[in-house]
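Okay, query12.cif now, which holds mmCIF, C-alpha atoms (C1' of nucleotides):
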data_work
#
loop_
_atom_site.label_atom_id
_atom_site.label_comp_id
_atom_site.auth_asym_id
_atom_site.auth_seq_id
_atom_site.Cartn_x
_atom_site.Cartn_y
_atom_site.Cartn_z
CA MET U 1 21.47 -26.41 -14.69
CA PRO U 2 17.85 -25.75 -15.49
CA LYS U 3 15.84 -28.79 -14.66
CA LEU U 4 12.45 -29.19 -16.25
CA GLY U 5 9.14 -29.18 -14.46
CA MET U 6 10.17 -26.30 -12.27
CA GLU U 7 6.96 -24.35 -12.66
CA PRO U 8 4.89 -25.95 -9.90
CA ILE U 9 7.87 -25.98 -7.54
CA ARG U 10 8.64 -22.33 -8.15
CA LYS U 11 5.03 -21.31 -7.88
CA ASP U 12 4.63 -23.17 -4.65
CA ALA U 13 7.74 -21.57 -3.20
CA LEU U 14 6.50 -18.14 -4.23
CA VAL U 15 3.09 -18.69 -2.73
CA LYS U 16 4.58 -19.65 0.59
CA ALA U 17 7.11 -16.86 0.51
CA THR U 18 4.34 -14.39 -0.21
CA ILE U 19 2.51 -15.34 2.97
CA VAL U 20 5.65 -15.21 5.06
CA GLU U 21 6.76 -11.86 3.72
CA ILE U 22 3.37 -10.24 4.07
CA GLY U 23 3.23 -11.54 7.61
CA ARG U 24 6.70 -10.23 8.32
CA VAL U 25 6.12 -6.77 6.91
CA GLY U 26 2.49 -6.57 7.95
CA SER U 27 1.17 -5.10 4.74
CA LEU U 28 0.93 -5.60 1.01
CA ASP U 29 3.81 -3.19 0.61
CA VAL U 30 6.22 -6.00 0.09
CA THR U 31 8.25 -5.86 -3.04
CA VAL U 32 8.25 -8.68 -5.51
CA SER U 33 12.00 -8.78 -5.03
CA GLN U 34 11.65 -9.50 -1.33
CA ILE U 35 9.24 -12.32 -1.99
CA ALA U 36 11.36 -13.73 -4.80
CA LYS U 37 14.48 -13.53 -2.69
CA ARG U 38 12.86 -15.47 0.12
CA ALA U 39 11.70 -18.04 -2.40
CA GLY U 40 15.24 -18.29 -3.69
CA MET U 41 14.96 -16.75 -7.14
CA SER U 42 15.07 -13.49 -9.01
CA SER U 43 12.16 -11.09 -9.19
CA ALA U 44 12.11 -11.54 -12.94
CA LEU U 45 11.36 -15.21 -12.52
CA ALA U 46 8.54 -14.44 -10.15
CA HIS U 47 7.05 -12.19 -12.78
CA HIS U 48 7.60 -14.91 -15.33
CA TYR U 49 5.46 -17.42 -13.48
CA PHE U 50 2.86 -15.09 -12.09
CA GLY U 51 2.01 -12.27 -14.40
CA SER U 52 1.79 -9.70 -11.66
CA LYS U 53 2.23 -9.11 -7.98
CA GLU U 54 -1.51 -9.15 -7.54
CA ASP U 55 -1.81 -12.56 -9.16
CA MET U 56 0.83 -13.79 -6.78
CA PHE U 57 -1.06 -12.66 -3.74
CA LEU U 58 -4.35 -14.02 -5.03
CA ALA U 59 -2.68 -17.38 -5.64
CA ALA U 60 -1.33 -17.27 -2.10
CA MET U 61 -4.78 -16.68 -0.66
CA ARG U 62 -6.28 -19.42 -2.79
CA HIS U 63 -3.65 -21.67 -1.31
CA VAL U 64 -4.53 -20.65 2.24
CA MET U 65 -8.20 -21.20 1.53
CA THR U 66 -7.56 -24.57 -0.04
CA LEU U 67 -5.66 -25.77 3.02
CA TYR U 68 -8.38 -24.46 5.29
CA GLY U 69 -11.08 -26.12 3.24
CA ALA U 70 -9.27 -29.41 3.28
CA GLU U 71 -8.84 -29.24 7.00
CA VAL U 72 -12.50 -28.51 7.54
CA ARG U 73 -13.56 -31.38 5.33
CA GLY U 74 -11.17 -33.72 7.10
CA ALA U 75 -12.45 -32.70 10.50
CA LEU U 76 -16.08 -32.99 9.40
CA ALA U 77 -15.47 -36.49 8.09
CA VAL U 78 -14.52 -37.81 11.49
CA ALA U 79 -16.86 -35.65 13.57
CA GLU U 80 -19.63 -37.36 15.47
CA GLY U 81 -23.05 -35.87 15.90
CA PRO U 82 -24.27 -32.41 14.88
CA GLU U 83 -22.58 -30.55 17.71
CA GLY U 84 -19.38 -32.44 16.96
CA ARG U 85 -19.56 -31.09 13.43
CA VAL U 86 -19.84 -27.50 14.57
CA ARG U 87 -16.97 -27.98 16.97
CA ALA U 88 -14.92 -29.51 14.20
CA ILE U 89 -15.38 -26.43 12.06
CA LEU U 90 -14.36 -24.20 14.93
CA ARG U 91 -11.31 -26.26 15.72
CA ALA U 92 -10.19 -26.25 12.10
CA SER U 93 -10.66 -22.49 11.91
CA PHE U 94 -8.26 -21.97 14.77
CA SER U 95 -5.89 -24.84 14.13
CA PRO U 96 -2.15 -24.13 14.36
CA GLY U 97 -1.84 -24.28 10.59
CA ASN U 98 -4.52 -21.69 9.86
CA PHE U 99 -4.34 -19.50 12.93
CA ARG U 100 -0.74 -18.46 12.42
CA ARG U 101 0.43 -14.91 12.79
CA ASP U 102 1.50 -14.52 9.19
CA VAL U 103 -1.57 -16.25 7.82
CA VAL U 104 -3.86 -14.08 9.88
CA GLY U 105 -1.95 -11.03 8.68
CA ALA U 106 -2.44 -12.18 5.12
CA TRP U 107 -6.17 -12.55 5.71
CA LEU U 108 -6.37 -9.05 7.03
CA ASN U 109 -4.63 -7.66 3.99
CA PHE U 110 -6.79 -9.79 1.77
CA TRP U 111 -9.83 -8.20 3.31
CA VAL U 112 -8.50 -4.78 2.45
CA LEU U 113 -7.77 -5.88 -1.09
CA ALA U 114 -11.29 -7.19 -1.46
CA GLN U 115 -12.48 -3.62 -1.23
CA SER U 116 -10.86 -2.66 -4.48
CA VAL U 117 -10.09 -5.85 -6.41
CA PRO U 118 -13.15 -7.72 -7.69
CA GLU U 119 -11.39 -11.07 -7.87
CA ALA U 120 -10.40 -10.80 -4.22
CA LYS U 121 -13.95 -9.87 -3.33
CA ARG U 122 -15.23 -12.85 -5.25
CA LEU U 123 -12.85 -15.24 -3.52
CA LEU U 124 -13.74 -13.90 -0.13
CA ALA U 125 -17.42 -14.25 -0.89
CA VAL U 126 -16.88 -17.87 -1.87
CA TYR U 127 -15.03 -18.54 1.35
CA GLN U 128 -17.67 -16.85 3.46
CA GLY U 129 -20.40 -18.67 1.64
CA ARG U 130 -18.80 -22.02 2.31
CA LEU U 131 -18.24 -21.28 5.97
CA ARG U 132 -21.78 -20.10 6.32
CA SER U 133 -23.14 -23.12 4.53
CA ASN U 134 -21.06 -25.53 6.61
CA LEU U 135 -22.16 -23.91 9.83
CA THR U 136 -25.79 -23.71 8.87
CA HIS U 137 -25.98 -27.35 7.89
CA ALA U 138 -24.29 -28.48 11.05
CA LEU U 139 -26.56 -26.30 13.14
CA ARG U 140 -29.81 -27.24 11.45
CA PRO U 141 -30.46 -30.36 13.56
CA LEU U 142 -29.55 -28.45 16.68
CA ALA U 143 -31.31 -25.17 16.20
CA GLY U 144 -33.82 -25.70 13.39
CA ALA U 145 -34.99 -22.42 11.96
CA ARG U 146 -32.55 -20.46 14.06
CA ALA U 147 -29.58 -22.19 12.40
CA GLY U 148 -29.17 -19.39 9.90
CA GLU U 149 -28.91 -16.55 12.35
CA ILE U 150 -26.69 -18.48 14.71
CA ALA U 151 -24.37 -19.28 11.81
CA ALA U 152 -24.23 -15.61 10.90
CA GLY U 153 -23.25 -14.68 14.42
CA LEU U 154 -20.69 -17.44 14.69
CA GLY U 155 -19.17 -16.51 11.36
CA ALA U 156 -18.77 -12.90 12.39
CA LEU U 157 -17.33 -13.96 15.71
CA ILE U 158 -14.73 -16.13 14.01
CA ASP U 159 -13.69 -13.22 11.80
CA GLY U 160 -13.53 -10.96 14.83
CA LEU U 161 -11.33 -13.38 16.71
CA TYR U 162 -8.99 -13.49 13.73
CA LEU U 163 -8.89 -9.73 13.72
CA ARG U 164 -8.03 -9.55 17.38
CA GLU U 165 -5.23 -11.99 16.95
CA VAL U 166 -3.14 -9.59 14.92
CA LEU U 167 -2.94 -7.14 17.75
CA LYS U 168 -1.76 -9.52 20.41
CA SER U 169 1.91 -9.54 21.22
CA GLY U 170 2.56 -13.13 22.18
CA PRO U 171 2.32 -16.20 19.96
CA ALA U 172 -0.98 -17.22 18.43
CA ASP U 173 -3.29 -18.99 20.82
CA GLY U 174 -5.92 -20.90 18.94
CA SER U 175 -7.28 -22.74 21.92
CA ALA U 176 -8.29 -19.52 23.65
CA ALA U 177 -10.12 -18.40 20.54
CA VAL U 178 -11.86 -21.75 20.21
CA ALA U 179 -12.94 -21.48 23.83
CA VAL U 180 -14.60 -18.12 23.25
CA ALA U 181 -16.38 -19.40 20.15
CA LYS U 182 -17.55 -22.53 21.92
CA ARG U 183 -18.95 -20.58 24.84
CA HIS U 184 -20.85 -18.45 22.37
CA LEU U 185 -22.17 -21.52 20.63
CA GLU U 186 -23.28 -23.18 23.83
CA ALA U 187 -25.05 -20.05 25.00
CA GLU U 188 -26.96 -19.85 21.74
CA LEU U 189 -27.87 -23.52 21.78
CA ALA U 190 -28.93 -23.45 25.41
CA ARG U 191 -31.42 -20.78 24.56
CA GLY U 192 -32.97 -22.84 21.82
CA ALA U 193 -33.46 -25.85 24.05
CA MET H 1 -6.30 36.60 0.64
CA PRO H 2 -4.76 34.49 3.31
CA LYS H 3 -6.94 34.67 6.36
CA LEU H 4 -5.36 33.86 9.66
CA GLY H 5 -6.32 30.98 11.89
CA MET H 6 -6.65 28.61 9.00
CA GLU H 7 -4.78 25.76 10.62
CA PRO H 8 -7.64 24.07 12.49
CA ILE H 9 -9.98 24.51 9.54
CA ARG H 10 -7.50 23.03 7.09
CA LYS H 11 -6.62 20.18 9.39
CA ASP H 12 -10.24 19.36 9.92
CA ALA H 13 -10.93 19.37 6.21
CA LEU H 14 -7.94 17.11 5.60
CA VAL H 15 -8.99 14.66 8.29
CA LYS H 16 -12.44 14.33 6.80
CA ALA H 17 -11.11 14.10 3.26
CA THR H 18 -8.71 11.39 4.35
CA ILE H 19 -11.56 9.19 5.54
CA VAL H 20 -13.62 9.80 2.44
CA GLU H 21 -10.76 9.10 0.06
CA ILE H 22 -9.63 5.98 1.84
CA GLY H 23 -13.20 4.80 1.79
CA ARG H 24 -13.50 5.58 -1.89
CA VAL H 25 -10.28 3.90 -2.94
CA GLY H 26 -10.49 1.13 -0.38
CA SER H 27 -6.86 1.22 0.67
CA LEU H 28 -4.13 3.40 2.06
CA ASP H 29 -2.81 3.80 -1.46
CA VAL H 30 -4.39 7.19 -1.78
CA THR H 31 -2.07 9.97 -2.75
CA VAL H 32 -1.72 13.02 -0.60
CA SER H 33 -2.68 14.97 -3.69
CA GLN H 34 -6.02 13.22 -3.93
CA ILE H 35 -6.78 13.92 -0.31
CA ALA H 36 -5.64 17.51 -0.55
CA LYS H 37 -7.66 18.04 -3.70
CA ARG H 38 -10.80 16.79 -2.03
CA ALA H 39 -10.09 19.05 0.90
CA GLY H 40 -9.70 21.95 -1.50
CA MET H 41 -6.01 22.71 -1.23
CA SER H 42 -2.62 21.81 -2.65
CA SER H 43 -0.69 18.76 -1.53
CA ALA H 44 2.10 21.03 -0.35
CA LEU H 45 -0.26 22.62 2.14
CA ALA H 46 -1.32 19.25 3.41
CA HIS H 47 2.30 18.41 4.02
CA HIS H 48 2.72 21.76 5.70
CA TYR H 49 0.07 21.07 8.31
CA PHE H 50 0.65 17.39 8.79
CA GLY H 51 4.25 16.40 8.51
CA SER H 52 3.53 13.21 6.63
CA LYS H 53 0.84 11.13 5.09
CA GLU H 54 1.01 8.76 8.02
CA ASP H 55 0.41 11.57 10.49
CA MET H 56 -2.59 12.57 8.45
CA PHE H 57 -4.12 9.15 8.62
CA LEU H 58 -3.41 8.79 12.32
CA ALA H 59 -5.09 12.12 12.95
CA ALA H 60 -8.07 10.92 10.94
CA MET H 61 -8.39 7.80 13.05
CA ARG H 62 -8.04 9.78 16.24
CA HIS H 63 -10.92 11.86 14.99
CA VAL H 64 -13.05 8.81 14.27
CA MET H 65 -12.28 7.42 17.70
CA THR H 66 -13.07 10.69 19.38
CA LEU H 67 -16.48 10.86 17.75
CA TYR H 68 -17.16 7.27 18.67
CA GLY H 69 -16.09 7.83 22.27
CA ALA H 70 -18.30 10.88 22.56
CA GLU H 71 -21.25 8.98 21.20
CA VAL H 72 -20.73 6.13 23.64
CA ARG H 73 -20.48 8.51 26.58
CA GLY H 74 -23.58 10.33 25.48
CA ALA H 75 -25.54 7.13 25.13
CA LEU H 76 -24.32 5.82 28.48
CA ALA H 77 -25.38 9.02 30.20
CA VAL H 78 -29.02 8.52 29.31
CA ALA H 79 -29.10 4.73 29.53
CA GLU H 80 -31.20 3.16 32.22
CA GLY H 81 -30.18 0.04 34.05
CA PRO H 82 -27.21 -2.23 33.44
CA GLU H 83 -28.62 -3.92 30.36
CA GLY H 84 -29.59 -0.53 28.99
CA ARG H 85 -25.95 0.46 29.28
CA VAL H 86 -24.75 -2.51 27.28
CA ARG H 87 -27.36 -1.88 24.64
CA ALA H 88 -26.32 1.76 24.52
CA ILE H 89 -22.74 0.77 23.73
CA LEU H 90 -23.91 -1.57 21.00
CA ARG H 91 -26.17 1.01 19.46
CA ALA H 92 -23.41 3.61 19.46
CA SER H 93 -21.02 1.15 17.84
CA PHE H 94 -23.35 0.67 14.92
CA SER H 95 -24.84 4.13 14.71
CA PRO H 96 -25.13 5.73 11.29
CA GLY H 97 -22.23 8.04 12.04
CA ASN H 98 -19.78 5.29 12.96
CA PHE H 99 -21.01 2.42 10.86
CA ARG H 100 -20.50 4.12 7.54
CA ARG H 101 -18.92 2.42 4.58
CA ASP H 102 -15.95 4.74 4.40
CA VAL H 103 -15.40 4.78 8.15
CA VAL H 104 -15.48 1.01 8.32
CA GLY H 105 -13.03 0.90 5.44
CA ALA H 106 -10.76 3.26 7.33
CA TRP H 107 -10.92 1.02 10.38
CA LEU H 108 -9.92 -1.96 8.32
CA ASN H 109 -6.91 -0.17 6.91
CA PHE H 110 -6.06 1.09 10.36
CA TRP H 111 -5.95 -2.46 11.56
CA VAL H 112 -3.47 -3.33 8.86
CA LEU H 113 -1.37 -0.32 9.74
CA ALA H 114 -1.32 -1.34 13.38
CA GLN H 115 0.71 -4.33 12.35
CA SER H 116 3.67 -2.22 11.34
CA VAL H 117 3.26 1.22 12.90
CA PRO H 118 3.64 1.30 16.69
CA GLU H 119 1.59 4.46 17.13
CA ALA H 120 -1.31 2.89 15.29
CA LYS H 121 -1.00 -0.20 17.41
CA ARG H 122 -1.00 1.92 20.53
CA LEU H 123 -4.11 3.83 19.49
CA LEU H 124 -5.93 0.65 18.64
CA ALA H 125 -5.01 -0.84 21.99
CA VAL H 126 -6.38 2.23 23.74
CA TYR H 127 -9.62 1.96 21.83
CA GLN H 128 -9.97 -1.76 22.50
CA GLY H 129 -9.17 -1.23 26.14
CA ARG H 130 -11.88 1.39 26.50
CA LEU H 131 -14.46 -0.73 24.74
CA ARG H 132 -13.57 -3.69 26.87
CA SER H 133 -13.68 -1.65 30.04
CA ASN H 134 -17.03 -0.11 29.15
CA LEU H 135 -18.55 -3.47 28.37
CA THR H 136 -17.13 -5.16 31.43
CA HIS H 137 -18.44 -2.51 33.80
CA ALA H 138 -21.85 -2.56 32.24
CA LEU H 139 -21.95 -6.34 32.37
CA ARG H 140 -20.68 -6.72 35.91
CA PRO H 141 -24.08 -6.32 37.62
CA LEU H 142 -25.63 -8.67 35.08
CA ALA H 143 -23.07 -11.41 34.86
CA GLY H 144 -20.77 -11.05 37.85
CA ALA H 145 -17.54 -12.94 37.39
CA ARG H 146 -18.45 -13.86 33.82
CA ALA H 147 -18.54 -10.19 32.79
CA GLY H 148 -14.95 -10.33 31.56
CA GLU H 149 -15.34 -13.22 29.21
CA ILE H 150 -18.67 -12.05 27.90
CA ALA H 151 -17.13 -8.66 27.18
CA ALA H 152 -14.29 -10.32 25.29
CA GLY H 153 -16.73 -12.24 23.13
CA LEU H 154 -18.92 -9.24 22.50
CA GLY H 155 -15.90 -7.11 21.59
CA ALA H 156 -14.70 -9.66 19.06
CA LEU H 157 -18.20 -9.99 17.67
CA ILE H 158 -18.44 -6.24 17.16
CA ASP H 159 -15.14 -6.22 15.29
CA GLY H 160 -16.29 -9.15 13.20
CA LEU H 161 -19.52 -7.41 12.28
CA TYR H 162 -17.51 -4.39 11.18
CA LEU H 163 -15.35 -6.63 9.08
CA ARG H 164 -18.28 -8.23 7.37
CA GLU H 165 -19.76 -4.89 6.55
CA VAL H 166 -17.02 -4.06 4.07
CA LEU H 167 -17.94 -6.97 1.87
CA LYS H 168 -21.60 -6.25 1.57
CA SER H 169 -22.78 -4.56 -1.57
CA GLY H 170 -25.72 -2.50 -0.40
CA PRO H 171 -25.69 0.43 2.01
CA ALA H 172 -24.57 -0.02 5.60
CA ASP H 173 -27.19 -1.57 7.82
CA GLY H 174 -26.40 -0.88 11.43
CA SER H 175 -29.69 -2.16 12.78
CA ALA H 176 -29.06 -5.66 11.44
CA ALA H 177 -25.64 -5.71 13.09
CA VAL H 178 -27.09 -4.49 16.37
CA ALA H 179 -29.68 -7.22 16.20
CA VAL H 180 -27.05 -9.92 15.87
CA ALA H 181 -25.05 -8.50 18.75
CA LYS H 182 -28.12 -8.21 20.94
CA ARG H 183 -29.11 -11.78 20.30
CA HIS H 184 -25.66 -12.87 21.29
CA LEU H 185 -25.83 -10.79 24.44
CA GLU H 186 -29.21 -12.14 25.44
CA ALA H 187 -28.08 -15.69 24.89
CA GLU H 188 -25.08 -15.17 27.12
CA LEU H 189 -27.12 -13.45 29.82
CA ALA H 190 -29.83 -16.07 29.75
CA ARG H 191 -27.24 -18.67 30.52
CA GLY H 192 -25.99 -16.81 33.55
CA ALA H 193 -29.46 -16.43 35.03
"C1'" DT Y 1 22.43 -31.34 -35.19
"C1'" DT Y 2 19.46 -27.76 -35.66
"C1'" DT Y 3 15.35 -26.00 -33.55
"C1'" DT Y 4 12.20 -25.27 -30.07
"C1'" DT Y 5 10.78 -25.11 -25.50
"C1'" DT Y 6 11.66 -24.18 -20.63
"C1'" DG Y 7 14.31 -21.94 -17.01
"C1'" DT Y 8 16.78 -18.08 -15.43
"C1'" DT Y 9 18.66 -13.45 -14.40
"C1'" DG Y 10 21.00 -8.66 -14.66
"C1'" DA Y 11 19.90 -4.55 -16.39
"C1'" DT Y 12 16.68 -1.22 -17.75
"C1'" DT Y 13 12.48 1.33 -18.31
"C1'" DG Y 14 8.83 4.09 -16.94
"C1'" DA Y 15 5.60 5.68 -13.81
"C1'" DC Y 16 4.35 7.32 -9.77
"C1'" DG Y 17 4.34 9.78 -5.51
"C1'" DA Y 18 6.11 11.54 -0.81
"C1'" DG Y 19 8.29 15.22 0.74
"C1'" DT Y 20 11.02 19.76 0.01
"C1'" DC Y 21 11.88 24.40 -1.62
"C1'" DA Y 22 11.62 28.88 -3.28
"C1'" DA Y 23 8.62 32.34 -4.07
"C1'" DT Y 24 4.42 35.15 -3.43
"C1'" DA Y 25 1.08 37.46 -0.66
"C1'" DA Y 26 -1.64 39.03 2.96
"C1'" DA Y 27 -2.11 39.91 7.48
"C1'" DC Y 28 -0.21 41.28 12.14
"C1'" DT Y 29 3.56 43.62 15.05
"C1'" DT Y 30 6.61 47.28 16.42
"C1'" DA T 1 7.52 51.57 7.16
"C1'" DA T 2 10.09 47.79 8.04
"C1'" DG T 3 10.00 43.27 9.80
"C1'" DT T 4 7.75 39.05 11.15
"C1'" DT T 5 4.58 35.47 11.08
"C1'" DT T 6 1.03 32.63 8.64
"C1'" DA T 7 -0.98 30.93 4.35
"C1'" DT T 8 -0.34 29.04 -0.01
"C1'" DT T 9 1.29 26.75 -4.21
"C1'" DG T 10 3.93 25.26 -8.61
"C1'" DA T 11 7.87 23.10 -9.59
"C1'" DC T 12 11.24 20.00 -8.47
"C1'" DT T 13 14.00 16.19 -6.34
"C1'" DC T 14 14.75 11.70 -5.21
"C1'" DG T 15 13.75 7.11 -4.29
"C1'" DT T 16 11.19 3.12 -5.12
"C1'" DC T 17 9.24 -0.64 -7.73
"C1'" DA T 18 6.39 -3.28 -10.95
"C1'" DA T 19 7.04 -4.89 -15.16
"C1'" DT T 20 9.80 -5.78 -19.42
"C1'" DC T 21 13.73 -7.11 -22.21
"C1'" DA T 22 17.72 -9.12 -24.00
"C1'" DA T 23 20.56 -12.67 -23.39
"C1'" DC T 24 22.25 -17.06 -21.90
"C1'" DA T 25 21.83 -22.14 -20.66
"C1'" DA T 26 20.16 -26.60 -20.91
"C1'" DA T 27 16.96 -30.03 -21.99
"C1'" DA T 28 13.72 -32.03 -25.43
"C1'" DA T 29 11.99 -32.52 -30.00
"C1'" DA T 30 12.62 -32.77 -34.96
#

Final structure tokens representation of the file:
Amino acid sequence: MPKLGMEPIRKDALVKATIVEIGRVGSLDVTVSQIAKRAGMSSALAHHYFGSKEDMFLAAMRHVMTLYGAEVRGALAVAEGPEGRVRAILRASFSPGNFRRDVVGAWLNFWVLAQSVPEAKRLLAVYQGRLRSNLTHALRPLAGARAGEIAAGLGALIDGLYLREVLKSGPADGSAAVAVAKRHLEAELARGA
Amino acid sequence: MPKLGMEPIRKDALVKATIVEIGRVGSLDVTVSQIAKRAGMSSALAHHYFGSKEDMFLAAMRHVMTLYGAEVRGALAVAEGPEGRVRAILRASFSPGNFRRDVVGAWLNFWVLAQSVPEAKRLLAVYQGRLRSNLTHALRPLAGARAGEIAAGLGALIDGLYLREVLKSGPADGSAAVAVAKRHLEAELARGA
DNA sequence: TTTTTTGTTGATTGACGAGTCAATAAACTT
DNA sequence: AAGTTTATTGACTCGTCAATCAACAAAAAA
């Protein structure tokens, strides 16, 4: 009973299944069949909607980035004061939705892919640029000319905390990561004052 | 003209070729044939010395870690004062030998592998433990009880700076990375004083 | 009601690549 | 000299998978 308008539903299911499967296996060596199975369809259908496995993964990462971006914007909208804005970005970066084991695993694999696939590199550059820009703007009133370098350090620290998360055994702990980042931020700001 | 005692020479060549090829391709999807070819031998011989491709890559990472460890020890031996020791670790971490494009690429792939291969995870844990221990000891006289948390932040920052290196287009720039890490360190220390 | 569009899959193709094997050869041992 | 160990490779096996195809079903359009 083929209902119409399935495309967005199927694509969405595939995107989510892609993240879950990559997180489960821990690498991009997941077969399209595995992903399709988890999304409740045949591998042929997956290929029908996304041309290739690579397209599927890129769509999945765009999805992750979109959610992250939305969360950051939402948090910025209600943040009060410059420091509140920086904290909002940090909190969004390590929120339960973004700082999940499988999502972090997907990021890690995405990073690897960016080394050989231009489109992945481009996407990652866009993401990094946005993060950098958000941080710099929020820091400007607090640190003036030093905003740029502090943002660079904070950005690298966030990536590093993501990286470390994949090695831990227990469940993801975003609050601990936020704490480390906040300490770093306060130390930097204290120096400027 | 098969000379005897080839094993260590061949293994060494394979280990180095593994790093170069992974760096060139940007992923673990390098064929044993490619690696063997670069090392100047047949793929069969590579399989003869290392049982599997995975063993080959693990040996390569052990090699990278050994070099890094030796460099850190050497730098610590001639460092003066507690802060000099921390700086020595940072400098070694971003030295031209360790902070090379292909080596950083290998690290990134190693991280991915650690998600699914226990031996890789174990090795990575050993490395992280050593780095953490080195940093904590060096920081103890400078930061007392806060040495632990500062070490954790610095460790994550170092990883993050490695991560960011793979995206850059130009040649590796260790001095810029060291500068960021040093600023972070100074900010943290200034707060403790 | 024919035709077209959309959804769906089982089966197949085609390529690729890890790992094995048999065979060859030079050195070392006895 | 006969036997053993080490070095070395071309050819081959065997499994895996991304991607395609042919075919079928149902809704929508004509």

Just want the 10 Å neighbourhood of Tyr127 of chain H, counted on all atoms listed in the file, with same-chain residues fewer than 6 positions away dropped. Output as a compact mmCIF listing (two decimals) with C-alpha atoms, in the frame of the given file.
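Output (around_14.txt):
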# COMPACT_ATOMS: atom_id res chain seq x y z
CA ARG H 62 -8.04 9.78 16.24
CA MET H 65 -12.28 7.42 17.70
CA THR H 66 -13.07 10.69 19.38
CA TYR H 68 -17.16 7.27 18.67
CA GLY H 69 -16.09 7.83 22.27
CA LYS H 121 -1.00 -0.20 17.41
CA SER H 133 -13.68 -1.65 30.04

Problem set entry | Counting only C-alpha atoms (C1' of nucleotides), chain H residues within 10 Å of chain Y, as a list in words | Met1, Pro2, Lys3, Leu4, Val30, Thr31, Val32, Ser33, Ser43, Ala44, His47, His48, Gly51, Ser52 and Lys53 of chain H

Problem set entry | Val25 of chain U surroundings by all atoms listed in the file, 9 Å radius, close-in-sequence under 4 positions cut, as a list in words |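 Using all atoms listed in the file, the neighbours found are Val20, Glu21, Asp29 and Val30 of chain U; Gln115 and Ser116 of chain H.
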
Store the residues picked out above in a file with C-alpha atoms, as an mmCIF file, in the frame of the given file.
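In the end it all went to out.cif:
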data_model
loop_
_atom_site.group_PDB
_atom_site.id
_atom_site.type_symbol
_atom_site.label_atom_id
_atom_site.label_comp_id
_atom_site.auth_asym_id
_atom_site.auth_seq_id
_atom_site.Cartn_x
_atom_site.Cartn_y
_atom_site.Cartn_z
ATOM 1 C CA VAL U 20 5.650 -15.210 5.060
ATOM 2 C CA GLU U 21 6.760 -11.860 3.720
ATOM 3 C CA ASP U 29 3.810 -3.190 0.610
ATOM 4 C CA VAL U 30 6.220 -6.000 0.090
ATOM 5 C CA GLN H 115 0.710 -4.330 12.350
ATOM 6 C CA SER H 116 3.670 -2.220 11.340
#

For the interface of chain T with chain U (cut-off 12 Å, counting all atoms listed in the file), please tabulate each contacting residue of chain T alongside its nearest pair of atoms and their separation in Å to one decimal, rows sorted by chain and increasing number, as a tab-separated table.
residue	atom	partner	partner_atom	distance
T:DT16	C1'	U:Thr31	CA	9.7
T:DC17	C1'	U:Thr31	CA	7.1
T:DA18	C1'	U:Lys53	CA	7.8
T:DA19	C1'	U:His47	CA	7.7
T:DT20	C1'	U:Ala44	CA	9.0
T:DC21	C1'	U:Ala44	CA	10.4
T:DC24	C1'	U:Pro2	CA	11.7
T:DA25	C1'	U:Met1	CA	7.3
T:DA26	C1'	U:Pro2	CA	6.0
T:DA27	C1'	U:Leu4	CA	7.3
T:DA28	C1'	U:Leu4	CA	9.7

Exercise. So which residues get picked by the PyMOL selection byres ((chain H) within 6 of (chain U)) here, written as a list in words?
Worked result: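 Checked against the file, the PyMOL selection byres ((chain H) within 6 of (chain U)) matches Gly26, Gln115, Ser116, Ala156, Leu157, Asp159, Gly160, Leu161, Ala187 and Glu188 of chain H.
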
Any chance you could turn segment 78-86 of chain U into a file with N, CA and C atoms, as a PDB file, in the first residue's frame?
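Full text of part.pdb as output:
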ATOM      1  N   VAL U  78      17.574  33.864  24.187  1.00  0.00           N
ATOM      2  CA  VAL U  78      17.129  34.121  25.558  1.00  0.00           C
ATOM      3  C   VAL U  78      18.283  34.433  26.516  1.00  0.00           C
ATOM      4  N   ALA U  79      19.500  34.459  25.977  1.00  0.00           N
ATOM      5  CA  ALA U  79      20.658  34.722  26.845  1.00  0.00           C
ATOM      6  C   ALA U  79      20.715  36.189  27.244  1.00  0.00           C
ATOM      7  N   GLU U  80      21.189  36.428  28.455  1.00  0.00           N
ATOM      8  CA  GLU U  80      21.283  37.810  28.915  1.00  0.00           C
ATOM      9  C   GLU U  80      22.735  38.209  29.129  1.00  0.00           C
ATOM     10  N   GLY U  81      23.087  39.298  28.536  1.00  0.00           N
ATOM     11  CA  GLY U  81      24.443  39.819  28.696  1.00  0.00           C
ATOM     12  C   GLY U  81      25.451  39.037  27.863  1.00  0.00           C
ATOM     13  N   PRO U  82      26.590  39.658  27.582  1.00  0.00           N
ATOM     14  CA  PRO U  82      27.624  39.038  26.747  1.00  0.00           C
ATOM     15  C   PRO U  82      28.091  37.691  27.305  1.00  0.00           C
ATOM     16  N   GLU U  83      28.398  37.652  28.581  1.00  0.00           N
ATOM     17  CA  GLU U  83      28.894  36.387  29.125  1.00  0.00           C
ATOM     18  C   GLU U  83      27.802  35.321  29.054  1.00  0.00           C
ATOM     19  N   GLY U  84      26.563  35.748  29.243  1.00  0.00           N
ATOM     20  CA  GLY U  84      25.451  34.806  29.114  1.00  0.00           C
ATOM     21  C   GLY U  84      25.408  34.203  27.718  1.00  0.00           C
ATOM     22  N   ARG U  85      25.765  34.998  26.734  1.00  0.00           N
ATOM     23  CA  ARG U  85      25.740  34.503  25.355  1.00  0.00           C
ATOM     24  C   ARG U  85      26.824  33.452  25.134  1.00  0.00           C
ATOM     25  N   VAL U  86      27.986  33.695  25.660  1.00  0.00           N
ATOM     26  CA  VAL U  86      29.046  32.693  25.521  1.00  0.00           C
ATOM     27  C   VAL U  86      28.648  31.402  26.220  1.00  0.00           C
TER      28      VAL U  86
END
